[in-house]
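Contents: one structure, followed by commentary.
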Amino acid sequence: ASINRELCRIKHMFGKAVEWGYLEKNPAERIKQQREYPRPADYLSRDEIRAVLAACEGVLQTVLIVAIYTGLRRGELLSLSWQDIDLERRMITVRNSKNHETRYVPLCQEAADALGKYRSWQTREVGGIASHVFVNPRTGEPYQNLRRGFATVLKRAGIVRHFTFHGLRHTAASQMVMAG
């Protein structure tokens, strides 16, 4: 994949040189890209989910519960505001989606309960409900990055393979399919 990306850049640069009159022909035009084989999607098993959730607490635990049971992207989670969450109807409104379209994501009871408890905790710690859901109680600012905390949780849970936050989307989908 890395070689293919570099080849695309080179072909594009030569293409621009032809377009701007520096070359008559693109010398990389006939070079074909290597075939890329997508990696299988990685997801957590039920036992791994339990281990991950047991290995963390507080804000990160709530983030992971919501991610695992909704499949929201990291950016969608971190940009959530409390006005986007309806705990009575158990629904999340995603306004800042990847394709810029609003969508509605149902909350299972476990995720709704976790958000309700977290909201009470946040009210006590921050001194009221913050505008964003996942804010740092020390700064009052929304979290921007979970990489280090997530890596620590995976290590504590005994998950040694390379697993990214995006894998939680695959986990959510896989668990939903397996549950019927």
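Every chain in the structure tokens has a letter given in the order shown (A, B, ...), and although residue numbers restart at 1 in each chain, ligands are simply numbered from 1 in the order shown.
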
Could you list, as number ranges by chain, every residue within 12 Å of Lys25 of chain A, counting only C-alpha atoms and ignoring same-chain residues fewer than 4 positions away? A: 11, 13-21, 29-30

Would you mind exporting the chosen residues as a CSV table (one decimal), in the first residue's frame, restricted to all heavy atoms?
chain,number,residue,atom,x,y,z
A,11,LYS,N,3.4,9.5,-10.3
A,11,LYS,CA,2.6,9.6,-11.5
A,11,LYS,C,1.9,11.0,-11.6
A,11,LYS,O,1.8,11.6,-12.7
A,11,LYS,CB,1.6,8.5,-11.6
A,11,LYS,CG,2.2,7.1,-11.9
A,11,LYS,CD,1.2,6.0,-11.7
A,11,LYS,CE,0.8,5.4,-13.0
A,11,LYS,NZ,-0.1,4.2,-12.9
A,13,MET,N,2.8,13.8,-10.1
A,13,MET,CA,3.9,14.9,-10.4
A,13,MET,C,4.3,14.9,-11.8
A,13,MET,O,4.4,16.0,-12.4
A,13,MET,CB,5.1,14.6,-9.4
A,13,MET,CG,4.8,15.0,-8.0
A,13,MET,SD,6.3,15.0,-6.9
A,13,MET,CE,6.9,13.4,-7.2
A,14,PHE,N,4.5,13.7,-12.4
A,14,PHE,CA,4.9,13.7,-13.8
A,14,PHE,C,3.7,14.2,-14.7
A,14,PHE,O,3.9,14.8,-15.7
A,14,PHE,CB,5.3,12.3,-14.3
A,14,PHE,CG,6.7,11.9,-13.9
A,14,PHE,CD1,7.0,10.7,-13.3
A,14,PHE,CD2,7.8,12.8,-14.2
A,14,PHE,CE1,8.3,10.4,-12.9
A,14,PHE,CE2,9.1,12.5,-13.9
A,14,PHE,CZ,9.4,11.3,-13.3
A,15,GLY,N,2.5,13.8,-14.3
A,15,GLY,CA,1.3,14.3,-15.0
A,15,GLY,C,1.2,15.8,-15.0
A,15,GLY,O,0.9,16.4,-16.0
A,16,LYS,N,1.5,16.4,-13.9
A,16,LYS,CA,1.5,17.9,-13.8
A,16,LYS,C,2.6,18.5,-14.7
A,16,LYS,O,2.4,19.5,-15.3
A,16,LYS,CB,1.7,18.3,-12.3
A,16,LYS,CG,0.5,18.2,-11.5
A,16,LYS,CD,-0.6,19.1,-12.0
A,16,LYS,CE,-1.8,19.1,-11.1
A,16,LYS,NZ,-2.9,19.8,-11.7
A,17,ALA,N,3.8,17.8,-14.7
A,17,ALA,CA,4.9,18.3,-15.5
A,17,ALA,C,4.5,18.3,-17.0
A,17,ALA,O,4.8,19.2,-17.8
A,17,ALA,CB,6.1,17.4,-15.3
A,18,VAL,N,3.7,17.2,-17.4
A,18,VAL,CA,3.2,17.2,-18.8
A,18,VAL,C,2.2,18.3,-19.0
A,18,VAL,O,2.3,19.0,-20.0
A,18,VAL,CB,2.6,15.8,-19.1
A,18,VAL,CG1,1.8,15.8,-20.4
A,18,VAL,CG2,3.6,14.7,-19.1
A,19,GLU,N,1.3,18.5,-18.0
A,19,GLU,CA,0.2,19.5,-18.1
A,19,GLU,C,0.8,20.9,-18.3
A,19,GLU,O,0.3,21.7,-19.0
A,19,GLU,CB,-0.6,19.4,-16.9
A,19,GLU,CG,-1.8,20.4,-16.9
A,19,GLU,CD,-2.6,20.3,-15.6
A,19,GLU,OE1,-2.8,19.1,-15.0
A,19,GLU,OE2,-3.0,21.3,-15.1
A,20,TRP,N,1.9,21.1,-17.5
A,20,TRP,CA,2.6,22.4,-17.5
A,20,TRP,C,3.6,22.6,-18.6
A,20,TRP,O,4.3,23.6,-18.7
A,20,TRP,CB,3.2,22.7,-16.2
A,20,TRP,CG,2.2,22.8,-15.0
A,20,TRP,CD1,0.9,23.1,-15.1
A,20,TRP,CD2,2.5,22.5,-13.7
A,20,TRP,NE1,0.3,23.1,-13.9
A,20,TRP,CE2,1.3,22.7,-12.9
A,20,TRP,CE3,3.6,22.1,-13.0
A,20,TRP,CZ2,1.2,22.5,-11.6
A,20,TRP,CZ3,3.5,22.0,-11.6
A,20,TRP,CH2,2.3,22.2,-10.9
A,21,GLY,N,3.8,21.6,-19.5
A,21,GLY,CA,4.7,21.7,-20.6
A,21,GLY,C,6.1,21.4,-20.3
A,21,GLY,O,7.0,21.7,-21.2
A,29,GLU,N,3.6,6.6,-16.6
A,29,GLU,CA,2.2,6.3,-17.0
A,29,GLU,C,1.8,4.8,-17.1
A,29,GLU,O,0.7,4.4,-16.7
A,29,GLU,CB,2.0,7.0,-18.4
A,29,GLU,CG,0.7,6.8,-19.1
A,29,GLU,CD,0.7,7.6,-20.3
A,29,GLU,OE1,1.5,7.3,-21.2
A,29,GLU,OE2,-0.1,8.5,-20.4
A,30,ARG,N,2.7,4.0,-17.6
A,30,ARG,CA,2.4,2.6,-17.8
A,30,ARG,C,2.8,1.7,-16.6
A,30,ARG,O,2.6,0.5,-16.7
A,30,ARG,CB,3.1,2.1,-19.0
A,30,ARG,CG,2.7,3.0,-20.3
A,30,ARG,CD,3.2,2.4,-21.5
A,30,ARG,NE,2.0,1.6,-22.0
A,30,ARG,CZ,2.0,0.9,-23.1
A,30,ARG,NH1,3.1,0.8,-23.8
A,30,ARG,NH2,1.0,0.2,-23.5

Could you give me, as a Markdown table, a per-residue list for segment 117-170 of chain A showing, wherever an atom lies at most 9 Å from an atom of segment 68-78 of chain A, the closest pair of atoms and their distance in Å to one decimal, using only C-alpha atoms and sorting by chain then residue number from low to high?
| residue | atom | partner | partner_atom | distance |
| --- | --- | --- | --- | --- |
| A:His132 | CA | A:Leu78 | CA | 7.9 |
| A:Val133 | CA | A:Leu78 | CA | 7.5 |
| A:Phe134 | CA | A:Leu78 | CA | 6.1 |
| A:Val135 | CA | A:Leu78 | CA | 8.4 |
| A:Pro142 | CA | A:Leu78 | CA | 6.9 |
| A:Tyr143 | CA | A:Leu78 | CA | 6.4 |
| A:Gln144 | CA | A:Leu78 | CA | 6.9 |
| A:Asn145 | CA | A:Leu78 | CA | 8.6 |
| A:Leu146 | CA | A:Arg74 | CA | 8.6 |
| A:Phe165 | CA | A:Arg74 | CA | 7.1 |
| A:His166 | CA | A:Arg73 | CA | 6.8 |
| A:Leu168 | CA | A:Ile68 | CA | 5.4 |
| A:Arg169 | CA | A:Gly71 | CA | 4.2 |
| A:His170 | CA | A:Gly71 | CA | 7.3 |

Save out the residues we just selected, all heavy atoms, as a short mmCIF file (atom, residue, chain, number, x, y, z; two decimals), in the first residue's frame.
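Produced file selection.cif, reproduced below:
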data_model
loop_
_atom_site.label_atom_id
_atom_site.label_comp_id
_atom_site.auth_asym_id
_atom_site.auth_seq_id
_atom_site.Cartn_x
_atom_site.Cartn_y
_atom_site.Cartn_z
N HIS A 132 -19.89 19.69 26.19
CA HIS A 132 -19.52 18.42 25.55
C HIS A 132 -19.65 17.29 26.56
O HIS A 132 -19.53 17.50 27.77
CB HIS A 132 -18.09 18.48 25.03
CG HIS A 132 -17.97 19.23 23.74
ND1 HIS A 132 -17.96 20.59 23.68
CD2 HIS A 132 -17.88 18.78 22.46
CE1 HIS A 132 -17.87 20.97 22.42
NE2 HIS A 132 -17.81 19.90 21.66
N VAL A 133 -19.87 16.11 26.07
CA VAL A 133 -20.05 14.96 26.95
C VAL A 133 -18.73 14.57 27.59
O VAL A 133 -18.62 14.49 28.82
CB VAL A 133 -20.66 13.76 26.18
CG1 VAL A 133 -20.76 12.54 27.08
CG2 VAL A 133 -22.02 14.13 25.61
N PHE A 134 -17.71 14.37 26.79
CA PHE A 134 -16.44 13.86 27.31
C PHE A 134 -15.43 14.99 27.45
O PHE A 134 -14.70 15.31 26.51
CB PHE A 134 -15.93 12.73 26.43
CG PHE A 134 -16.90 11.58 26.38
CD1 PHE A 134 -17.56 11.27 25.20
CD2 PHE A 134 -17.17 10.84 27.51
CE1 PHE A 134 -18.47 10.22 25.17
CE2 PHE A 134 -18.07 9.79 27.48
CZ PHE A 134 -18.73 9.48 26.30
N VAL A 135 -15.42 15.61 28.64
CA VAL A 135 -14.50 16.71 28.91
C VAL A 135 -13.54 16.32 30.03
O VAL A 135 -13.88 15.54 30.91
CB VAL A 135 -15.24 18.00 29.30
CG1 VAL A 135 -16.09 18.51 28.17
CG2 VAL A 135 -16.06 17.83 30.54
N PRO A 142 -13.01 19.57 25.98
CA PRO A 142 -13.26 18.22 25.44
C PRO A 142 -11.95 17.47 25.21
O PRO A 142 -10.95 18.08 24.83
CB PRO A 142 -13.97 18.47 24.11
CG PRO A 142 -14.45 19.87 24.18
CD PRO A 142 -13.54 20.61 25.10
N TYR A 143 -11.99 16.18 25.44
CA TYR A 143 -10.82 15.35 25.15
C TYR A 143 -10.59 15.37 23.64
O TYR A 143 -11.52 15.36 22.85
CB TYR A 143 -11.03 13.91 25.61
CG TYR A 143 -10.88 13.73 27.10
CD1 TYR A 143 -11.99 13.61 27.91
CD2 TYR A 143 -9.63 13.68 27.69
CE1 TYR A 143 -11.86 13.45 29.28
CE2 TYR A 143 -9.49 13.52 29.06
CZ TYR A 143 -10.61 13.40 29.85
OH TYR A 143 -10.47 13.25 31.20
N GLN A 144 -9.31 15.37 23.26
CA GLN A 144 -8.93 15.36 21.85
C GLN A 144 -8.34 14.03 21.44
O GLN A 144 -8.44 13.62 20.30
CB GLN A 144 -7.91 16.48 21.57
CG GLN A 144 -8.43 17.87 21.86
CD GLN A 144 -9.58 18.25 20.96
OE1 GLN A 144 -9.53 18.03 19.75
NE2 GLN A 144 -10.62 18.80 21.53
N ASN A 145 -7.68 13.35 22.37
CA ASN A 145 -6.93 12.15 22.03
C ASN A 145 -7.06 11.13 23.15
O ASN A 145 -6.91 11.48 24.32
CB ASN A 145 -5.46 12.51 21.82
CG ASN A 145 -4.68 11.41 21.16
OD1 ASN A 145 -5.08 10.26 21.18
ND2 ASN A 145 -3.57 11.77 20.57
N LEU A 146 -7.33 9.90 22.79
CA LEU A 146 -7.47 8.82 23.76
C LEU A 146 -6.41 7.74 23.57
O LEU A 146 -6.47 6.70 24.21
CB LEU A 146 -8.85 8.18 23.62
CG LEU A 146 -10.05 9.10 23.75
CD1 LEU A 146 -11.31 8.39 23.32
CD2 LEU A 146 -10.18 9.60 25.17
N PHE A 165 -8.54 1.96 18.03
CA PHE A 165 -9.85 2.43 18.48
C PHE A 165 -10.90 2.14 17.40
O PHE A 165 -12.03 1.82 17.72
CB PHE A 165 -9.80 3.92 18.80
CG PHE A 165 -10.96 4.39 19.63
CD1 PHE A 165 -10.89 4.36 21.01
CD2 PHE A 165 -12.11 4.84 19.03
CE1 PHE A 165 -11.97 4.78 21.78
CE2 PHE A 165 -13.19 5.26 19.78
CZ PHE A 165 -13.12 5.24 21.16
N HIS A 166 -10.52 2.26 16.14
CA HIS A 166 -11.46 1.99 15.06
C HIS A 166 -11.99 0.56 15.11
O HIS A 166 -13.11 0.29 14.68
CB HIS A 166 -10.81 2.27 13.69
CG HIS A 166 -11.79 2.16 12.56
ND1 HIS A 166 -12.67 3.16 12.25
CD2 HIS A 166 -12.01 1.15 11.69
CE1 HIS A 166 -13.41 2.77 11.22
NE2 HIS A 166 -13.04 1.57 10.85
N LEU A 168 -13.16 -0.85 17.49
CA LEU A 168 -14.38 -0.88 18.30
C LEU A 168 -15.63 -0.75 17.42
O LEU A 168 -16.69 -1.25 17.77
CB LEU A 168 -14.34 0.21 19.38
CG LEU A 168 -13.20 0.09 20.38
CD1 LEU A 168 -13.22 1.26 21.35
CD2 LEU A 168 -13.25 -1.24 21.13
N ARG A 169 -15.48 -0.08 16.29
CA ARG A 169 -16.61 -0.04 15.33
C ARG A 169 -16.89 -1.44 14.79
O ARG A 169 -18.04 -1.86 14.67
CB ARG A 169 -16.29 0.90 14.15
CG ARG A 169 -16.55 2.34 14.45
CD ARG A 169 -16.21 3.26 13.28
NE ARG A 169 -16.99 3.09 12.05
CZ ARG A 169 -18.23 3.53 11.87
NH1 ARG A 169 -18.87 4.15 12.83
NH2 ARG A 169 -18.83 3.38 10.71
N HIS A 170 -15.81 -2.15 14.48
CA HIS A 170 -15.96 -3.54 14.00
C HIS A 170 -16.52 -4.42 15.11
O HIS A 170 -17.32 -5.32 14.86
CB HIS A 170 -14.62 -4.09 13.52
CG HIS A 170 -14.04 -3.32 12.39
ND1 HIS A 170 -14.58 -3.30 11.12
CD2 HIS A 170 -12.95 -2.52 12.33
CE1 HIS A 170 -13.86 -2.53 10.34
NE2 HIS A 170 -12.85 -2.03 11.04
#

Please return, as a ChimeraX atom specification, all residues of segment 20-173 of chain A that DSSP assigns to strand (DSSP E) on the basis of the backbone. /A:85-86,91-94,103-106

Deliver the residues from the most recent selection as a file, using C-alpha atoms, as an mmCIF file, in the first residue's frame.
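File out.cif, as written:
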data_model
loop_
_atom_site.group_PDB
_atom_site.id
_atom_site.type_symbol
_atom_site.label_atom_id
_atom_site.label_comp_id
_atom_site.auth_asym_id
_atom_site.auth_seq_id
_atom_site.Cartn_x
_atom_site.Cartn_y
_atom_site.Cartn_z
ATOM 1 C CA ILE A 85 -28.038 12.509 23.811
ATOM 2 C CA ASP A 86 -31.628 11.654 24.700
ATOM 3 C CA MET A 91 -30.983 7.847 21.172
ATOM 4 C CA ILE A 92 -27.830 9.682 20.099
ATOM 5 C CA THR A 93 -27.931 12.315 17.364
ATOM 6 C CA VAL A 94 -24.648 12.352 15.453
ATOM 7 C CA ARG A 103 -27.846 10.304 11.780
ATOM 8 C CA TYR A 104 -29.533 8.735 14.791
ATOM 9 C CA VAL A 105 -27.958 5.900 16.757
ATOM 10 C CA PRO A 106 -29.974 3.905 19.313
#

I need the residues of segment 135-164 of chain A that end up classed as helix (DSSP H, G or I) by DSSP on the backbone, written out as number ranges by chain. A: 147-156
